[in-house]
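**Student:** My structure file target-v2.txt, compact mmCIF, C-alpha atoms, is below:
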# COMPACT_ATOMS: atom_id res chain seq x y z
CA MET A 1 0.00 0.00 0.00
CA LEU A 2 1.36 3.45 -0.91
CA ALA A 3 1.93 6.04 1.80
CA ASP A 4 -0.65 8.41 0.30
CA GLU A 5 -3.26 5.63 0.19
CA ALA A 6 -2.53 4.72 3.81
CA THR A 7 -2.87 8.38 4.86
CA LEU A 8 -6.18 8.68 2.98
CA MET A 9 -7.55 5.50 4.59
CA HIS A 10 -6.48 6.78 8.00
CA LYS A 11 -8.33 10.07 7.40
CA HIS A 12 -11.43 8.19 6.28
CA HIS A 13 -11.25 6.06 9.42
CA LEU A 14 -10.96 9.15 11.63
CA LEU A 15 -13.90 10.73 9.81
CA LEU A 16 -16.00 7.59 10.33
CA VAL A 17 -15.14 7.52 14.04
CA ALA A 18 -16.09 11.20 14.33
CA VAL A 19 -19.44 10.64 12.59
CA VAL A 20 -20.31 7.63 14.75
CA THR A 21 -19.32 9.55 17.89
CA LEU A 22 -21.48 12.51 16.87
CA LEU A 23 -24.46 10.26 16.12
CA THR A 24 -24.07 8.55 19.48
CA GLN A 25 -24.00 11.91 21.25
CA LEU A 26 -27.08 13.09 19.39
CA CYS A 27 -28.87 9.89 20.39
CA THR A 28 -28.03 10.31 24.09
CA ALA A 29 -30.41 11.99 26.54
CA GLN A 30 -29.23 15.38 27.72
CA VAL A 31 -29.62 16.86 31.21
CA SER A 32 -32.33 19.53 31.21
CA THR A 33 -31.17 23.02 32.21
CA GLN A 34 -34.76 24.19 32.59
CA TRP A 35 -34.78 23.16 36.25
CA LYS A 36 -32.44 23.84 39.16
CA ILE A 37 -30.79 20.82 40.77
CA HIS A 38 -33.21 19.25 43.32
CA ASP A 39 -35.94 21.72 42.32
CA LEU A 40 -39.08 20.75 44.24
CA ASN A 41 -41.23 22.36 41.53
CA ARG A 42 -39.93 20.00 38.86
CA PRO A 43 -42.76 17.68 37.72
CA LEU A 44 -42.59 14.18 39.17
CA PRO A 45 -42.71 11.06 36.97
CA PRO A 46 -46.09 9.31 36.73
CA VAL A 47 -46.67 6.46 39.17
CA ILE A 48 -47.28 2.99 37.69
CA ASP A 49 -47.53 -0.58 38.89
CA PRO A 50 -44.30 -2.28 37.77
CA ALA A 51 -44.10 -5.56 35.91
CA THR A 52 -43.72 -8.85 37.74
CA ALA A 53 -41.28 -11.56 36.70
CA SER A 54 -42.38 -14.73 34.96
CA THR A 55 -41.76 -18.23 36.26
CA PRO A 56 -41.33 -21.33 34.08
CA ASP A 57 -45.02 -22.12 34.57
CA VAL A 58 -46.67 -18.72 34.93
CA PRO A 59 -46.08 -15.59 32.83
CA GLY A 60 -45.48 -12.35 34.68
CA ARG A 61 -47.71 -9.29 34.69
CA ALA A 62 -47.07 -6.32 32.41
CA PRO A 63 -46.53 -2.86 33.90
CA SER A 64 -49.74 -0.89 34.24
CA ASP A 65 -48.82 1.60 31.51
CA ALA A 66 -47.99 -1.08 28.91
CA THR A 67 -50.06 -2.23 25.96
CA VAL A 68 -50.51 -5.99 26.26
CA LEU A 69 -50.14 -7.51 22.79
CA PHE A 70 -50.66 -11.13 23.82
CA ASP A 71 -52.06 -12.32 27.15
CA GLY A 72 -52.35 -16.01 26.30
CA LYS A 73 -56.02 -15.88 25.33
CA ASP A 74 -56.37 -14.85 21.68
CA LEU A 75 -54.76 -13.13 18.70
CA SER A 76 -57.24 -10.26 18.51
CA LYS A 77 -54.40 -7.69 18.38
CA TRP A 78 -52.64 -9.47 15.48
CA THR A 79 -53.32 -9.98 11.78
CA ASP A 80 -51.70 -11.71 8.84
CA LYS A 81 -49.95 -9.75 6.08
CA ALA A 82 -53.26 -9.10 4.32
CA GLY A 83 -54.90 -7.71 7.45
CA LYS A 84 -56.98 -10.84 8.06
CA PRO A 85 -57.07 -12.70 11.41
CA ALA A 86 -53.77 -14.32 12.32
CA LYS A 87 -53.73 -18.09 11.82
CA TRP A 88 -51.23 -19.13 14.47
CA LYS A 89 -52.34 -21.59 17.15
CA VAL A 90 -53.32 -20.43 20.65
CA GLU A 91 -53.51 -22.91 23.54
CA ASN A 92 -52.39 -23.29 27.17
CA GLY A 93 -51.51 -19.60 27.47
CA TYR A 94 -49.15 -19.38 24.48
CA MET A 95 -49.31 -18.84 20.74
CA GLU A 96 -47.42 -21.13 18.38
CA VAL A 97 -46.23 -20.55 14.84
CA VAL A 98 -48.24 -22.57 12.32
CA PRO A 99 -45.78 -23.13 9.48
CA GLU A 100 -46.68 -21.65 6.09
CA THR A 101 -49.35 -19.34 7.51
CA GLY A 102 -47.01 -16.34 7.30
CA TYR A 103 -45.77 -13.57 9.53
CA ILE A 104 -48.21 -11.97 11.96
CA PHE A 105 -48.43 -8.20 12.54
CA THR A 106 -49.83 -6.03 15.30
CA ARG A 107 -52.96 -4.12 14.41
CA ALA A 108 -51.49 -1.03 16.08
CA ALA A 109 -48.34 0.77 14.96
CA PHE A 110 -45.38 1.47 17.25
CA GLY A 111 -42.13 3.40 17.11
CA ASP A 112 -39.73 4.09 19.96
CA CYS A 113 -40.54 1.48 22.56
CA GLN A 114 -39.72 -0.91 25.36
CA LEU A 115 -40.78 -4.38 24.23
CA HIS A 116 -41.02 -7.58 26.28
CA VAL A 117 -41.30 -10.94 24.49
CA GLU A 118 -41.11 -14.49 25.85
CA PHE A 119 -40.49 -17.49 23.60
CA ALA A 120 -39.78 -21.21 23.82
CA GLU A 121 -38.03 -23.35 21.24
CA PRO A 122 -39.54 -26.63 19.95
CA VAL A 123 -38.96 -29.92 21.79
CA PRO A 124 -37.42 -32.17 20.68
CA PRO A 125 -35.02 -29.96 18.70
CA THR A 126 -34.74 -30.79 15.01
CA GLY A 127 -32.40 -29.51 12.31
CA GLU A 128 -29.27 -27.46 12.78
CA SER A 129 -27.94 -23.96 12.21
CA GLN A 130 -30.72 -21.72 10.80
CA ASP A 131 -33.11 -24.66 10.44
CA ARG A 132 -33.52 -25.08 14.19
CA GLY A 133 -36.25 -23.12 15.97
CA ASN A 134 -36.03 -20.10 13.67
CA SER A 135 -38.30 -17.07 14.06
CA GLY A 136 -37.78 -13.37 14.65
CA VAL A 137 -39.06 -10.21 16.32
CA PHE A 138 -39.32 -7.43 13.72
CA LEU A 139 -39.42 -3.95 15.19
CA MET A 140 -41.50 -1.73 12.89
CA GLY A 141 -41.67 -4.82 10.67
CA LEU A 142 -38.18 -3.94 9.38
CA TYR A 143 -35.53 -4.45 12.05
CA GLU A 144 -35.13 -8.06 13.22
CA ILE A 145 -33.96 -9.41 16.54
CA GLN A 146 -33.31 -13.04 15.69
CA VAL A 147 -35.15 -15.86 17.46
CA LEU A 148 -33.32 -19.18 17.13
CA ASP A 149 -32.52 -22.30 19.12
CA SER A 150 -28.90 -21.36 19.84
CA TYR A 151 -28.44 -23.83 22.68
CA GLN A 152 -25.55 -26.06 21.54
CA ASN A 153 -26.38 -25.18 17.93
CA LYS A 154 -23.68 -23.55 15.82
CA THR A 155 -24.57 -21.02 13.12
CA TYR A 156 -23.18 -17.74 11.81
CA ALA A 157 -22.63 -15.24 14.60
CA ASP A 158 -24.88 -12.47 13.27
CA GLY A 159 -27.76 -14.94 12.86
CA GLN A 160 -27.90 -16.63 16.24
CA ALA A 161 -30.42 -15.90 18.99
CA ALA A 162 -30.48 -12.23 20.09
CA ALA A 163 -28.50 -11.06 17.06
CA VAL A 164 -29.54 -7.94 15.18
CA TYR A 165 -29.90 -10.12 12.11
CA GLY A 166 -27.04 -9.73 9.66
CA GLN A 167 -25.54 -6.80 11.57
CA TYR A 168 -24.58 -7.47 15.20
CA PRO A 169 -23.93 -10.81 16.94
CA PRO A 170 -25.00 -10.84 20.60
CA LEU A 171 -22.25 -10.01 23.09
CA VAL A 172 -22.72 -13.48 24.63
CA ASN A 173 -24.86 -16.56 23.96
CA ALA A 174 -27.37 -16.58 26.84
CA SER A 175 -29.71 -19.19 25.33
CA ARG A 176 -31.61 -21.70 27.44
CA PRO A 177 -32.34 -25.29 26.35
CA PRO A 178 -35.31 -25.91 24.04
CA GLY A 179 -38.65 -26.04 25.82
CA GLU A 180 -37.62 -23.51 28.50
CA TRP A 181 -39.17 -20.06 28.40
CA GLN A 182 -36.76 -17.30 27.42
CA THR A 183 -37.13 -13.52 27.55
CA TYR A 184 -36.20 -10.60 25.34
CA ASP A 185 -36.37 -7.10 26.79
CA ILE A 186 -35.76 -4.65 23.97
CA ILE A 187 -35.27 -0.88 23.99
CA PHE A 188 -35.71 0.49 20.49
CA HIS A 189 -35.45 3.96 19.00
CA GLY A 190 -36.42 4.19 15.35
CA PRO A 191 -34.61 6.21 12.71
CA ARG A 192 -35.46 9.81 11.95
CA PHE A 193 -35.66 11.34 8.50
CA THR A 194 -35.97 14.80 6.99
CA LYS A 195 -39.14 15.54 5.05
CA ASP A 196 -37.33 14.79 1.79
CA GLY A 197 -36.20 11.37 3.03
CA LYS A 198 -32.63 12.00 4.14
CA LEU A 199 -31.50 10.11 7.25
CA LEU A 200 -31.13 12.35 10.31
CA HIS A 201 -30.03 9.59 12.67
CA PRO A 202 -30.16 5.79 12.50
CA ALA A 203 -32.21 3.38 14.56
CA ARG A 204 -30.61 2.01 17.69
CA VAL A 205 -31.43 -0.95 19.90
CA THR A 206 -30.55 -2.46 23.26
CA VAL A 207 -31.43 -6.10 23.97
CA VAL A 208 -31.42 -8.04 27.25
CA HIS A 209 -31.70 -11.81 26.72
CA ASN A 210 -32.65 -13.85 29.79
CA GLY A 211 -31.49 -11.02 32.04
CA VAL A 212 -28.14 -10.56 30.24
CA LEU A 213 -27.19 -7.49 28.17
CA VAL A 214 -26.46 -8.75 24.65
CA GLN A 215 -26.93 -5.63 22.46
CA ASP A 216 -25.69 -2.35 23.95
CA ASN A 217 -27.37 0.61 22.21
CA VAL A 218 -26.06 -0.43 18.78
CA LEU A 219 -26.65 1.73 15.70
CA LEU A 220 -28.41 -0.10 12.86
CA THR A 221 -27.10 0.29 9.32
CA GLY A 222 -30.64 0.04 7.95
CA PRO A 223 -33.35 -2.63 7.76
CA THR A 224 -32.14 -6.19 8.38
CA ALA A 225 -32.08 -8.78 5.59
CA HIS A 226 -30.56 -12.13 4.64
CA GLY A 227 -27.24 -11.81 2.83
CA LYS A 228 -27.49 -8.10 2.13
CA ARG A 229 -27.47 -4.73 3.85
CA PRO A 230 -30.39 -2.59 2.60
CA PRO A 231 -30.11 1.18 3.03
CA TYR A 232 -32.57 3.25 5.02
CA LYS A 233 -35.64 4.45 3.17
CA LEU A 234 -38.10 7.04 4.42
CA HIS A 235 -40.89 5.48 6.48
CA PRO A 236 -43.35 6.59 9.17
CA GLU A 237 -42.19 6.96 12.78
CA LYS A 238 -44.65 4.21 13.77
CA LEU A 239 -45.24 0.87 12.04
CA PRO A 240 -46.66 -2.52 13.14
CA LEU A 241 -44.49 -5.00 15.00
CA ALA A 242 -44.11 -8.44 13.35
CA LEU A 243 -43.31 -12.00 14.41
CA GLN A 244 -41.81 -14.34 11.83
CA ASP A 245 -43.06 -17.63 10.44
CA HIS A 246 -39.85 -19.38 9.37
CA GLY A 247 -41.40 -22.85 9.31
CA ASP A 248 -40.67 -23.84 12.91
CA PRO A 249 -43.33 -24.18 15.68
CA VAL A 250 -41.79 -21.61 18.03
CA ARG A 251 -44.02 -20.55 20.94
CA PHE A 252 -44.58 -17.05 22.33
CA ARG A 253 -46.26 -15.69 25.43
CA ASN A 254 -46.49 -12.55 27.61
CA ILE A 255 -45.83 -9.91 24.95
CA TRP A 256 -46.20 -6.28 25.97
CA ILE A 257 -44.93 -2.90 24.78
CA ARG A 258 -44.48 0.60 26.18
CA GLY A 259 -44.18 3.61 23.91
CA LEU A 260 -41.20 5.88 24.63
CA LYS A 261 -41.03 9.62 24.11
CA GLU A 262 -38.05 10.92 22.15
CA ASP A 263 -36.40 13.98 23.69
Translate this structure into structure tokens?
**Tutor:**
Amino acid sequence: MLADEATLMHKHHLLLVAVVTLLTQLCTAQVSTQWKIHDLNRPLPPVIDPATASTPDVPGRAPSDATVLFDGKDLSKWTDKAGKPAKWKVENGYMEVVPETGYIFTRAAFGDCQLHVEFAEPVPPTGESQDRGNSGVFLMGLYEIQVLDSYQNKTYADGQAAAVYGQYPPLVNASRPPGEWQTYDIIFHGPRFTKDGKLLHPARVTVVHNGVLVQDNVLLTGPTAHGKRPPYKLHPEKLPLALQDHGDPVRFRNIWIRGLKED
């Protein structure tokens, strides 16, 4: 490599670091200067009833300010791609993917959010790599947090359980054995665009898998996809959430969501 080329690459690297740093700063909450420190006139946060933890046999309770998307009874808050009633199976307090019936989508649209999802992989496990307990949680229907049986099942790193599919492997593999209930707690902030469709700042996501931090406020390069990296395209600030039918009878329960306000 020539010296001039090395210098140019170094400058490009520094520029990239500067841009990422700036984006991270812009995406970080700032301390309000509107109020004095310990100001007793500063409005207090609303009071809610917090969530309760699930057990292997009993799902927990959602916080009182959450929208419950699935309570184990029916799929009234979900549709198929055409807007017709979802065709997945509901029994014993969970829903189960019915292969070849397609993705299901929430009737309501969501943007920035805190999302709680519980899932269990099929027993006995069958297949290997991506053909073992595959599904996915699609934020805004575009940005996938992978669902997969990653317990003693090797696959590509950015496609295992809790990966931002095709972009970020999880920091660790915190998967439980098939049949055991697992949890995703996801903090998501969608992208922002100018009116003419230019990207102001990218989406970012934090994921806690079974109580372990596995995605730490990562910046998404765009929508997730298999084998490619699509660019951002202008879309609304709220879109339906989706769960994937990938042909495996993955089960879900206790799904709830809380909308977040962007500062």
**Student:** With distances taken over all atoms listed in the file, which residue among A:Gln30, A:Gln152, A:Gln167, A:Gln182 lies nearest Gly222 in chain A?
**Tutor:**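 Closest to Gly222 in chain A, using all atoms listed in the file: A:Gln167.
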**Student:** Mind giving me the straight-line distance from CA of Val208 in chain A to CA of Asp185 in chain A in Å, one decimal?
**Tutor:**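 Distance between the two atoms: 5.1 Å.
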**Student:** Between A:Leu213, A:Gly111, A:Ser135, A:Thr126, which has the minimum distance to His235 in chain A (counting only C-alpha atoms)?
**Tutor:**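 Result for the nearest residue to His235 in chain A: A:Gly111.
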**Student:** Show which residues sit within 7 Å of Leu142 in chain A, as JSON, numbers by chain. Count all atoms listed in the file, and ignore same-chain residues fewer than 2 positions away.
**Tutor:** {"A": [138, 139, 140, 144, 223, 224]}
**Student:** Between A:Tyr156, A:Phe119, A:Tyr94, A:Phe193, which one has atoms that come closest to Asn210 in chain A, using all atoms listed in the file?
**Tutor:**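 Ranked by minimum distance to Asn210 in chain A, first place goes to A:Phe119.
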**Student:** One decimal, in Å: what's the spacing between CA of Arg204 in chain A and CA of Pro240 in chain A?
**Tutor:** 17.3 Å
**Student:** Give the answer as one residue: which of A:His226, A:Lys261, A:Lys238, A:His201 has the shortest atom-to-atom distance to Asp158 in chain A, using only C-alpha atoms?
**Tutor:** A:His226
**Student:** Quick one: 8 Å padding each side, axis-aligned, all listed atoms of range 96-109 of chain A - centre and edge lengths in Å to one decimal, as JSON?
**Tutor:**
{"center_x": -49.4, "center_y": -11.2, "center_z": 12.2, "size_x": 23.2, "size_y": 39.9, "size_z": 28.3}
**Student:** Let me make sure I understand: among A:His246, A:Lys233, A:Lys228, A:Lys198, which one has the smallest atom-to-atom distance to Ile104 in chain A if we use all atoms listed in the file?
**Tutor:**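 Comparing A:His246, A:Lys233, A:Lys228, A:Lys198 against Ile104 in chain A, the winner is A:His246.
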**Student:** Name the residues in contact with Gly133 in chain A at a cut-off of 9 Å, using all atoms listed in the file, excluding same-chain residues fewer than 3 positions from it; report them as a compact mmCIF listing (two decimals) with C-alpha atoms, in the coordinates of the input.
**Tutor:**
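Output file around-v5.txt is given in full below:
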# COMPACT_ATOMS: atom_id res chain seq x y z
CA ALA A 120 -39.78 -21.21 23.82
CA GLU A 121 -38.03 -23.35 21.24
CA PRO A 122 -39.54 -26.63 19.95
CA PRO A 125 -35.02 -29.96 18.70
CA THR A 126 -34.74 -30.79 15.01
CA GLY A 127 -32.40 -29.51 12.31
CA GLU A 128 -29.27 -27.46 12.78
CA GLN A 130 -30.72 -21.72 10.80
CA VAL A 147 -35.15 -15.86 17.46
CA LEU A 148 -33.32 -19.18 17.13
CA ASP A 149 -32.52 -22.30 19.12
CA SER A 150 -28.90 -21.36 19.84
CA PRO A 178 -35.31 -25.91 24.04
CA HIS A 246 -39.85 -19.38 9.37
CA GLY A 247 -41.40 -22.85 9.31
CA ASP A 248 -40.67 -23.84 12.91
CA PRO A 249 -43.33 -24.18 15.68
CA VAL A 250 -41.79 -21.61 18.03
**Student:** Considering only C-alpha atoms, return as a VMD selection string whatever protein or nucleic-acid residues lie within 12 Å of range 49-52 of chain A, sequence-local ones (same chain, fewer than 6 positions apart) excluded.
**Tutor:** chain A and resid 58 to 66 68 116 254 to 258
**Student:** What is the distance, in Å and to one decimal place, between CA of Thr67 in chain A and CA of Glu91 in chain A?
**Tutor:**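 Separating CA of Thr67 in chain A from CA of Glu91 in chain A is a distance of 21.1 Å.
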